[in-house]
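Asker: Just dropping this structure here.
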Amino acid sequence: MSSERFAERAAAHTCHADGCDSHVPPKMFMCRRHWFMVPRDLRDLVWATYRPGQEVRMDPTDEYLEVARTAIEAVAAAEASKSGRPAIAPTPRWARVALTGHRALSADEATFAGGELPRLAAKLRDRHSTTAAICGMALGVDTLWAEAALAAGLELWAYIPFETQAARWPADDRLRWQRLRARAAREVVVGDAPATWHYHARNDAMVRDADALIAVVDRTRDGGGSLSTLAKARAAGRPVIVVDLAARRTRLLS
Ligand SMILES: [Zn+2]
């Protein structure tokens with residue numbers, strides 16, 4: 001179990017078993033039904049590694065998280081064997097995840113996206129073994145994505161439409177672009193001179209090279225490269241994580 005998942009479940013006071021939303025007292029690990037599906041010795045280990053108050057301080061030890069993860073898997077396996085489903089649904093590996101999104105965000109939208117992207121970067125790293133973040137290097141969410149990815153320890157792959165992408169930007173933004181570019185583990189420069197079609201070619205290259213796409217969009221806004229990139233990713237069969245700016249909600253289209 002990741003510390004993030006622990007925090008989510010502990011904060012919501014829900015059972016830690018997969019797919020169970022039963023409310024439980026904060027210090028209880030699972031609802032009664034799921035708890036007694038955990039083998040006895042593992043139940044003892046959960047308590048042995050539990051430190052009182054960790055669900056309030058949000059500081060479970062790595063050892064506890066490891067035991068907890070094993071217990072969750074044991075329940076999932078027990079439930080699956082009853083239902084005849086495969087024991088543990090494989091979590092798909094998405095080594096490279098690209099992001100597309102609107103350049104102009106309102107302050108509220110930037111706050112929402114700025115909270116979601118670090119959370120997603122860590123979750124992708126922990127649950128989908130993501131190692132590289134593909135980024136179009138534009139202003140707005142692209143920059144937030146690059147920073148969140150680097151903070152989560154992912155490699156930044158910069159997909160630049162043409163060399164002079166940032167040439168007409170305000171000095172601060174240009175400097176930020178140069179700094180991010182310097183931190184990229186890999187870069188792809190698509191075109192040699194400014195042209196609209198290089199943006200589209202850049203987006204195509206990102207979809208081609210990514211195992212999954214994050215789309216930070218407001219689907220009620222019209223047009224724009226982000227929505228067409230989302231559509232292309234869907235057409236190519238890529239899973240898409242939509243960070244919905246209008247609904248303030250994140251969900252997976254798969
Ligand atoms: Zn439960």
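Residue numbering restarts at 1 for every chain of the structure tokens, chains are lettered A, B, ... in their displayed order, and ligands are numbered from 1 as they appear.
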Excluding same-chain residues fewer than 2 positions from segment 156-164 of chain A, what lies within 7 Å of it counting only C-alpha atoms, as a list in words?

Answerer: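 So the residues in contact are Ala132, Ala133, Ile134, Cys135, Gly136, Met137, Ala146, Ala149, Leu150, Leu154, Ala166, Ala167, Arg181, Ala184, Ala185, Arg186, Glu187, Val188, Val189, Val190, Gly191, Asp192, Ala193, Pro194, His198, Tyr199 and Arg202 of chain A.
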
Asker: Create the file for the chosen residues now, containing N, CA and C atoms and written as a JSON list (two decimals), in the first residue's frame.

Answerer:
```json
[["chain", "number", "residue", "atom", "x", "y", "z"],
["A", 132, "ALA", "N", 8.77, 8.21, -16.82],
["A", 132, "ALA", "CA", 9.01, 9.40, -17.63],
["A", 132, "ALA", "C", 7.73, 10.18, -17.85],
["A", 133, "ALA", "N", 7.85, 11.50, -17.75],
["A", 133, "ALA", "CA", 6.74, 12.41, -18.00],
["A", 133, "ALA", "C", 7.03, 13.14, -19.31],
["A", 134, "ILE", "N", 6.16, 12.93, -20.28],
["A", 134, "ILE", "CA", 6.31, 13.61, -21.57],
["A", 134, "ILE", "C", 5.55, 14.93, -21.50],
["A", 135, "CYS", "N", 6.24, 16.00, -21.89],
["A", 135, "CYS", "CA", 5.69, 17.34, -21.67],
["A", 135, "CYS", "C", 5.87, 18.19, -22.92],
["A", 136, "GLY", "N", 4.82, 18.91, -23.30],
["A", 136, "GLY", "CA", 4.85, 19.75, -24.49],
["A", 136, "GLY", "C", 5.52, 21.11, -24.29],
["A", 137, "MET", "N", 5.89, 21.40, -23.05],
["A", 137, "MET", "CA", 6.70, 22.58, -22.72],
["A", 137, "MET", "C", 6.02, 23.92, -22.99],
["A", 146, "ALA", "N", 5.51, 19.51, -15.68],
["A", 146, "ALA", "CA", 6.96, 19.32, -15.67],
["A", 146, "ALA", "C", 7.49, 19.43, -14.23],
["A", 149, "ALA", "N", 6.29, 16.43, -12.07],
["A", 149, "ALA", "CA", 6.97, 15.19, -12.46],
["A", 149, "ALA", "C", 8.39, 15.16, -11.89],
["A", 150, "LEU", "N", 9.09, 16.25, -12.03],
["A", 150, "LEU", "CA", 10.46, 16.30, -11.50],
["A", 150, "LEU", "C", 10.45, 16.14, -9.99],
["A", 154, "LEU", "N", 10.33, 11.67, -11.48],
["A", 154, "LEU", "CA", 10.21, 11.16, -12.84],
["A", 154, "LEU", "C", 11.18, 11.89, -13.76],
["A", 166, "ALA", "N", 9.67, 29.55, -27.06],
["A", 166, "ALA", "CA", 9.50, 30.51, -25.97],
["A", 166, "ALA", "C", 9.98, 31.92, -26.32],
["A", 167, "ALA", "N", 10.38, 32.11, -27.56],
["A", 167, "ALA", "CA", 11.06, 33.37, -27.92],
["A", 167, "ALA", "C", 10.23, 34.62, -27.64],
["A", 181, "ARG", "N", 13.84, 23.01, -19.51],
["A", 181, "ARG", "CA", 14.46, 22.31, -20.64],
["A", 181, "ARG", "C", 15.83, 21.75, -20.25],
["A", 184, "ALA", "N", 15.57, 18.43, -18.58],
["A", 184, "ALA", "CA", 14.97, 17.31, -19.31],
["A", 184, "ALA", "C", 16.01, 16.22, -19.56],
["A", 185, "ALA", "N", 15.58, 14.98, -19.33],
["A", 185, "ALA", "CA", 16.48, 13.85, -19.58],
["A", 185, "ALA", "C", 16.55, 13.55, -21.08],
["A", 186, "ARG", "N", 15.52, 13.99, -21.77],
["A", 186, "ARG", "CA", 15.47, 13.71, -23.19],
["A", 186, "ARG", "C", 14.67, 14.82, -23.84],
["A", 187, "GLU", "N", 15.05, 15.22, -25.06],
["A", 187, "GLU", "CA", 14.19, 16.18, -25.73],
["A", 187, "GLU", "C", 14.02, 15.85, -27.19],
["A", 188, "VAL", "N", 12.84, 16.23, -27.69],
["A", 188, "VAL", "CA", 12.50, 16.03, -29.09],
["A", 188, "VAL", "C", 12.10, 17.41, -29.60],
["A", 189, "VAL", "N", 12.80, 17.91, -30.61],
["A", 189, "VAL", "CA", 12.41, 19.18, -31.23],
["A", 189, "VAL", "C", 11.82, 18.82, -32.59],
["A", 190, "VAL", "N", 10.52, 19.13, -32.74],
["A", 190, "VAL", "CA", 9.77, 18.60, -33.88],
["A", 190, "VAL", "C", 10.05, 19.36, -35.17],
["A", 191, "GLY", "N", 10.01, 20.70, -35.12],
["A", 191, "GLY", "CA", 10.14, 21.46, -36.36],
["A", 191, "GLY", "C", 11.30, 22.43, -36.29],
["A", 192, "ASP", "N", 11.63, 23.04, -37.41],
["A", 192, "ASP", "CA", 12.79, 23.93, -37.44],
["A", 192, "ASP", "C", 12.39, 25.40, -37.37],
["A", 193, "ALA", "N", 11.12, 25.72, -37.59],
["A", 193, "ALA", "CA", 10.70, 27.13, -37.58],
["A", 193, "ALA", "C", 9.26, 27.19, -37.06],
["A", 194, "PRO", "N", 8.87, 28.37, -36.54],
["A", 194, "PRO", "CA", 7.51, 28.49, -35.99],
["A", 194, "PRO", "C", 6.45, 28.19, -37.05],
["A", 198, "HIS", "N", 3.50, 22.42, -36.58],
["A", 198, "HIS", "CA", 4.47, 21.78, -35.70],
["A", 198, "HIS", "C", 3.89, 21.47, -34.32],
["A", 199, "TYR", "N", 2.93, 22.30, -33.89],
["A", 199, "TYR", "CA", 2.26, 21.99, -32.62],
["A", 199, "TYR", "C", 1.49, 20.68, -32.74],
["A", 202, "ARG", "N", 3.87, 17.88, -32.85],
["A", 202, "ARG", "CA", 4.38, 17.65, -31.49],
["A", 202, "ARG", "C", 3.37, 16.82, -30.69]]
```

Asker: Find the residues near Pro92 of chain A: any atom within 10 Å, counting only C-alpha atoms, skip ones fewer than 4 places away on the same chain, and give them as JSON, numbers by chain.

Answerer: {"A": [127, 128, 129, 211]}

Asker: Using only C-alpha atoms and all ligand atoms, which of A:Asp59, A:Asp108, A:Glu79, A:Asp41 sits nearest ligand 1?

Answerer: A:Glu79

Asker: I need the residues in segment 9-80 of chain A that are helix (DSSP H, G or I) according to DSSP; give them as number ranges by chain.

Answerer: A: 9-12, 32-35, 40-49, 54-57, 62-80

Asker: Using N, CA and C atoms, can you write the selected residues to a file as a CSV table (one decimal), in the first residue's frame?

Answerer:
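Once written, result25.csv looks like this:
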```csv
chain,number,residue,atom,x,y,z
A,9,ARG,N,-7.6,6.8,2.6
A,9,ARG,CA,-8.5,5.9,3.3
A,9,ARG,C,-8.6,6.4,4.8
A,10,ALA,N,-7.5,6.7,5.4
A,10,ALA,CA,-7.5,7.1,6.8
A,10,ALA,C,-8.3,8.4,6.9
A,11,ALA,N,-8.1,9.3,6.0
A,11,ALA,CA,-8.9,10.6,6.1
A,11,ALA,C,-10.4,10.4,5.9
A,12,ALA,N,-10.7,9.4,5.0
A,12,ALA,CA,-12.1,9.2,4.7
A,12,ALA,C,-12.8,8.2,5.7
A,32,ARG,N,-15.5,-5.1,9.3
A,32,ARG,CA,-15.5,-6.4,10.0
A,32,ARG,C,-15.4,-7.5,9.0
A,33,ARG,N,-16.2,-7.5,8.0
A,33,ARG,CA,-16.3,-8.6,7.0
A,33,ARG,C,-14.9,-8.8,6.3
A,34,HIS,N,-14.3,-7.7,5.9
A,34,HIS,CA,-13.0,-7.8,5.2
A,34,HIS,C,-11.9,-8.2,6.2
A,35,TRP,N,-11.9,-7.6,7.4
A,35,TRP,CA,-10.9,-7.9,8.4
A,35,TRP,C,-10.7,-9.4,8.6
A,40,ARG,N,-5.1,-14.9,10.0
A,40,ARG,CA,-4.8,-14.6,11.4
A,40,ARG,C,-3.4,-14.0,11.6
A,41,ASP,N,-2.4,-14.6,11.1
A,41,ASP,CA,-1.0,-14.2,11.4
A,41,ASP,C,-0.8,-12.8,10.8
A,42,LEU,N,-1.5,-12.5,9.7
A,42,LEU,CA,-1.3,-11.2,9.1
A,42,LEU,C,-2.1,-10.1,9.9
A,43,ARG,N,-3.2,-10.5,10.4
A,43,ARG,CA,-3.9,-9.6,11.3
A,43,ARG,C,-3.1,-9.2,12.5
A,44,ASP,N,-2.4,-10.2,13.0
A,44,ASP,CA,-1.5,-9.9,14.2
A,44,ASP,C,-0.4,-8.9,13.8
A,45,LEU,N,0.1,-9.1,12.6
A,45,LEU,CA,1.2,-8.3,12.1
A,45,LEU,C,0.7,-6.8,11.9
A,46,VAL,N,-0.5,-6.7,11.4
A,46,VAL,CA,-1.1,-5.4,11.2
A,46,VAL,C,-1.0,-4.6,12.5
A,47,TRP,N,-1.5,-5.3,13.6
A,47,TRP,CA,-1.5,-4.7,14.9
A,47,TRP,C,-0.1,-4.5,15.4
A,48,ALA,N,0.8,-5.4,15.2
A,48,ALA,CA,2.1,-5.3,15.7
A,48,ALA,C,2.9,-4.1,15.1
A,49,THR,N,2.5,-3.8,13.9
A,49,THR,CA,3.3,-2.7,13.2
A,49,THR,C,2.5,-1.4,13.3
A,54,GLN,N,-1.2,7.0,14.3
A,54,GLN,CA,-0.7,7.2,13.0
A,54,GLN,C,-1.7,7.7,12.0
A,55,GLU,N,-3.0,7.3,12.2
A,55,GLU,CA,-4.0,7.7,11.2
A,55,GLU,C,-4.3,9.2,11.4
A,56,VAL,N,-3.9,9.7,12.5
A,56,VAL,CA,-4.1,11.2,12.7
A,56,VAL,C,-2.9,11.9,12.3
A,57,ARG,N,-1.7,11.4,12.6
A,57,ARG,CA,-0.4,12.0,12.2
A,57,ARG,C,-0.1,11.7,10.8
A,62,ASP,N,7.0,2.4,6.9
A,62,ASP,CA,7.1,1.6,5.7
A,62,ASP,C,6.7,0.1,6.0
A,63,GLU,N,7.1,-0.4,7.1
A,63,GLU,CA,6.8,-1.7,7.5
A,63,GLU,C,5.3,-1.9,7.6
A,64,TYR,N,4.6,-1.0,8.2
A,64,TYR,CA,3.2,-1.1,8.4
A,64,TYR,C,2.5,-1.1,7.0
A,65,LEU,N,3.0,-0.2,6.1
A,65,LEU,CA,2.4,-0.1,4.8
A,65,LEU,C,2.6,-1.4,4.0
A,66,GLU,N,3.8,-2.0,4.2
A,66,GLU,CA,4.0,-3.3,3.5
A,66,GLU,C,3.1,-4.4,4.0
A,67,VAL,N,2.9,-4.5,5.3
A,67,VAL,CA,2.0,-5.4,5.9
A,67,VAL,C,0.6,-5.2,5.4
A,68,ALA,N,0.2,-3.9,5.4
A,68,ALA,CA,-1.1,-3.5,5.0
A,68,ALA,C,-1.4,-3.9,3.6
A,69,ARG,N,-0.4,-3.7,2.7
A,69,ARG,CA,-0.5,-4.0,1.3
A,69,ARG,C,-0.7,-5.5,1.2
A,70,THR,N,0.0,-6.3,1.9
A,70,THR,CA,-0.1,-7.8,1.8
A,70,THR,C,-1.5,-8.2,2.3
A,71,ALA,N,-2.0,-7.5,3.3
A,71,ALA,CA,-3.3,-7.9,3.8
A,71,ALA,C,-4.4,-7.5,2.8
A,72,ILE,N,-4.3,-6.4,2.1
A,72,ILE,CA,-5.2,-6.0,1.1
A,72,ILE,C,-5.2,-7.0,-0.1
A,73,GLU,N,-4.0,-7.4,-0.4
A,73,GLU,CA,-3.9,-8.4,-1.5
A,73,GLU,C,-4.5,-9.8,-1.1
A,74,ALA,N,-4.4,-10.1,0.2
A,74,ALA,CA,-4.9,-11.4,0.7
A,74,ALA,C,-6.5,-11.3,0.6
A,75,VAL,N,-7.0,-10.2,0.9
A,75,VAL,CA,-8.5,-10.1,0.8
A,75,VAL,C,-8.9,-10.1,-0.6
A,76,ALA,N,-8.2,-9.4,-1.5
A,76,ALA,CA,-8.5,-9.4,-2.9
A,76,ALA,C,-8.5,-10.8,-3.5
A,77,ALA,N,-7.5,-11.5,-3.1
A,77,ALA,CA,-7.3,-12.9,-3.6
A,77,ALA,C,-8.5,-13.8,-3.1
A,78,ALA,N,-8.8,-13.6,-1.8
A,78,ALA,CA,-9.9,-14.4,-1.2
A,78,ALA,C,-11.2,-14.1,-1.9
A,79,GLU,N,-11.5,-12.8,-2.2
A,79,GLU,CA,-12.7,-12.4,-2.8
A,79,GLU,C,-12.7,-13.0,-4.3
A,80,ALA,N,-11.6,-12.9,-4.9
A,80,ALA,CA,-11.5,-13.3,-6.3
A,80,ALA,C,-11.7,-14.8,-6.4
```

Asker: Counting only C-alpha atoms and all ligand atoms, name the residues that have an atom within 9 Å of an atom of ligand 1; the answer should be given as number ranges by chain.

Answerer: A: 14-24, 29-35

Asker: Given the choices A:Ser2, A:Ala122, A:Met58, A:Arg221, which gets closest to Pro26 of chain A if the distance is worked out from only C-alpha atoms?

Answerer: A:Met58
